[in-house]
Amino acid sequence: QVQLVESGGGLVQAGGSLRLSCAASGRPFSSYAMGWFRQAPGKEREFVASISWNGVTTIYADSVTGRFTISRDNAKNTAYLQMSSLKPDDTAVYYCATNLLSTAQSIRSQLGGINYWGKGTLVTVSS
């Protein structure tokens with residue numbers, strides 16, 4: 001079992017920045033990839049970014065490339081999503097997730113399904 005807890009959401013003006021954190025527990029954090037997804041009101045949940053077990057490989061959705069950065073600190077069992085140049089369209093509940101596989105691509109493709117999700121943290125970007 002893996003437990004994931006997000007934090008860092010809030011209200012920010014367009015153009016501003018936020019950093020989300022995802023604290024993991026239950027299995028050796030350095031053995032699996034991590035990802036961030038988001039769900040806006042009335043829309044389906046969508047992939048945002050993923051990172052491999054060792055942090056070497058990262059993948060981003062086109063809509064956030066160049067504005068968001070995913071990272072991880074295996075010593076702290078924590079993954080991060082640094083969000084900059086935020087837009088009102090970025091308003092959503094953000095979830096961290098893992099499928100316990102090692103590659104960023106496996107998160108992106110949801111290979112085998114995503115087994116573990118956090119409860120989410122709300123990001124609201126005002127215009």
# chains A, B, ... in the order shown; residues from 1 in each chain; ligands from 1
$ residues_around --residues "A:Asp89" --least-positions-apart "2" --cutoff "12 Å" --atoms "only C-alpha atoms" --output "list of chain:residue names"
A:Gln13, A:Ala14, A:Gly15, A:Arg38, A:Gln39, A:Ala40, A:Pro41, A:Lys43, A:Ser63, A:Val64, A:Ser85, A:Leu86, A:Lys87, A:Thr91, A:Ala92, A:Val93, A:Val123, A:Thr124, A:Val125, A:Ser126, A:Ser127
$ select_by_dssp --residues "chain A" --states "helix (DSSP H, G or I)" --output "ChimeraX atom specification"
/A:29-31,88-90,104-108
$ write_last_selection --atoms "all heavy atoms" --output "mmCIF file, in the first residue's frame"
data_model
loop_
_atom_site.group_PDB
_atom_site.id
_atom_site.type_symbol
_atom_site.label_atom_id
_atom_site.label_comp_id
_atom_site.auth_asym_id
_atom_site.auth_seq_id
_atom_site.Cartn_x
_atom_site.Cartn_y
_atom_site.Cartn_z
ATOM 1 N N PHE A 29 9.986 4.980 -1.573
ATOM 2 C CA PHE A 29 9.610 6.018 -2.530
ATOM 3 C C PHE A 29 10.502 6.009 -3.757
ATOM 4 O O PHE A 29 10.050 6.283 -4.867
ATOM 5 C CB PHE A 29 9.675 7.375 -1.824
ATOM 6 C CG PHE A 29 9.244 8.528 -2.672
ATOM 7 C CD1 PHE A 29 7.927 8.663 -3.068
ATOM 8 C CD2 PHE A 29 10.150 9.507 -3.053
ATOM 9 C CE1 PHE A 29 7.520 9.736 -3.846
ATOM 10 C CE2 PHE A 29 9.763 10.585 -3.820
ATOM 11 C CZ PHE A 29 8.439 10.703 -4.224
ATOM 12 N N SER A 30 11.770 5.699 -3.579
ATOM 13 C CA SER A 30 12.716 5.767 -4.691
ATOM 14 C C SER A 30 12.544 4.638 -5.693
ATOM 15 O O SER A 30 13.284 4.577 -6.677
ATOM 16 C CB SER A 30 14.144 5.755 -4.153
ATOM 17 O OG SER A 30 14.375 4.568 -3.412
ATOM 18 N N SER A 31 11.592 3.757 -5.500
ATOM 19 C CA SER A 31 11.418 2.629 -6.416
ATOM 20 C C SER A 31 10.350 2.857 -7.479
ATOM 21 O O SER A 31 10.223 2.038 -8.403
ATOM 22 C CB SER A 31 11.055 1.363 -5.630
ATOM 23 O OG SER A 31 9.782 1.485 -5.019
ATOM 24 N N PRO A 88 -5.995 31.220 -15.632
ATOM 25 C CA PRO A 88 -7.290 30.767 -15.100
ATOM 26 C C PRO A 88 -7.642 29.342 -15.531
ATOM 27 O O PRO A 88 -8.279 28.607 -14.772
ATOM 28 C CB PRO A 88 -8.265 31.801 -15.667
ATOM 29 C CG PRO A 88 -7.441 33.042 -15.774
ATOM 30 C CD PRO A 88 -6.072 32.570 -16.201
ATOM 31 N N ASP A 89 -7.209 28.937 -16.730
ATOM 32 C CA ASP A 89 -7.474 27.574 -17.208
ATOM 33 C C ASP A 89 -6.757 26.502 -16.392
ATOM 34 O O ASP A 89 -7.053 25.317 -16.529
ATOM 35 C CB ASP A 89 -7.065 27.421 -18.672
ATOM 36 C CG ASP A 89 -8.063 28.068 -19.624
ATOM 37 O OD1 ASP A 89 -9.161 28.448 -19.152
ATOM 38 O OD2 ASP A 89 -7.740 28.196 -20.821
ATOM 39 N N ASP A 90 -5.804 26.913 -15.564
ATOM 40 C CA ASP A 90 -5.116 25.941 -14.700
ATOM 41 C C ASP A 90 -5.909 25.638 -13.436
ATOM 42 O O ASP A 90 -5.515 24.767 -12.646
ATOM 43 C CB ASP A 90 -3.736 26.472 -14.301
ATOM 44 C CG ASP A 90 -2.784 26.597 -15.482
ATOM 45 O OD1 ASP A 90 -2.765 25.678 -16.323
ATOM 46 O OD2 ASP A 90 -2.076 27.623 -15.554
ATOM 47 N N ALA A 104 8.462 7.249 -16.131
ATOM 48 C CA ALA A 104 7.551 8.374 -16.301
ATOM 49 C C ALA A 104 6.513 8.078 -17.377
ATOM 50 O O ALA A 104 5.354 8.480 -17.263
ATOM 51 C CB ALA A 104 8.342 9.629 -16.650
ATOM 52 N N GLN A 105 6.917 7.378 -18.422
ATOM 53 C CA GLN A 105 5.999 7.071 -19.518
ATOM 54 C C GLN A 105 4.846 6.181 -19.044
ATOM 55 O O GLN A 105 3.719 6.292 -19.544
ATOM 56 C CB GLN A 105 6.742 6.411 -20.682
ATOM 57 C CG GLN A 105 5.858 6.053 -21.865
ATOM 58 C CD GLN A 105 5.117 7.253 -22.437
ATOM 59 O OE1 GLN A 105 5.654 8.353 -22.486
ATOM 60 N NE2 GLN A 105 3.881 7.038 -22.863
ATOM 61 N N SER A 106 5.118 5.295 -18.108
ATOM 62 C CA SER A 106 4.052 4.413 -17.617
ATOM 63 C C SER A 106 2.956 5.213 -16.909
ATOM 64 O O SER A 106 1.776 4.848 -16.962
ATOM 65 C CB SER A 106 4.621 3.352 -16.672
ATOM 66 O OG SER A 106 5.015 3.909 -15.438
ATOM 67 N N ILE A 107 3.341 6.313 -16.264
ATOM 68 C CA ILE A 107 2.340 7.194 -15.654
ATOM 69 C C ILE A 107 1.592 7.921 -16.758
ATOM 70 O O ILE A 107 0.362 8.020 -16.744
ATOM 71 C CB ILE A 107 2.996 8.198 -14.696
ATOM 72 C CG1 ILE A 107 3.725 7.477 -13.557
ATOM 73 C CG2 ILE A 107 1.967 9.184 -14.158
ATOM 74 C CD1 ILE A 107 2.851 6.927 -12.477
ATOM 75 N N ARG A 108 2.328 8.463 -17.705
ATOM 76 C CA ARG A 108 1.712 9.220 -18.815
ATOM 77 C C ARG A 108 0.676 8.379 -19.543
ATOM 78 O O ARG A 108 -0.408 8.848 -19.877
ATOM 79 C CB ARG A 108 2.796 9.675 -19.781
ATOM 80 C CG ARG A 108 2.279 10.325 -21.070
ATOM 81 C CD ARG A 108 1.614 11.625 -20.773
ATOM 82 N NE ARG A 108 1.079 12.266 -21.952
ATOM 83 C CZ ARG A 108 -0.158 12.073 -22.395
ATOM 84 N NH1 ARG A 108 -0.967 11.252 -21.736
ATOM 85 N NH2 ARG A 108 -0.582 12.686 -23.465
#
$ residues_around --residues "A:Asp62" --least-positions-apart "5" --cutoff "10 Å" --atoms "only C-alpha atoms" --output "list of chain:residue names"
A:Phe47, A:Val48, A:Ala49
$ residues_around --residues "stretch 68-82 of chain A" --least-positions-apart "6" --cutoff "7 Å" --atoms "only C-alpha atoms" --output "PyMOL selection string"
chain A and resi 18-24+29-30+49-51+55
$ atom_distance --atom1 "atom CA of A:Val12" --atom2 "atom CA of A:Leu122"
11.0 Å
$ select_by_dssp --residues "chain A" --states "strand (DSSP E)" --output "PyMOL selection string"
chain A and resi 3-7+10-13+18-25+34-39+46-51+58-60+68-73+78-83+92-98+116-117+121-126
$ atom_distance --atom1 "atom CA of A:Thr121" --atom2 "atom CA of A:Val56"
25.6 Å
$ residues_around --residues "A:Asn115" --least-positions-apart "3" --cutoff "8 Å" --atoms "only C-alpha atoms" --output "ChimeraX atom specification"
/A:97-100
$ atom_distance --atom1 "atom CA of A:Gln110" --atom2 "atom CA of A:Gly10"
27.2 Å
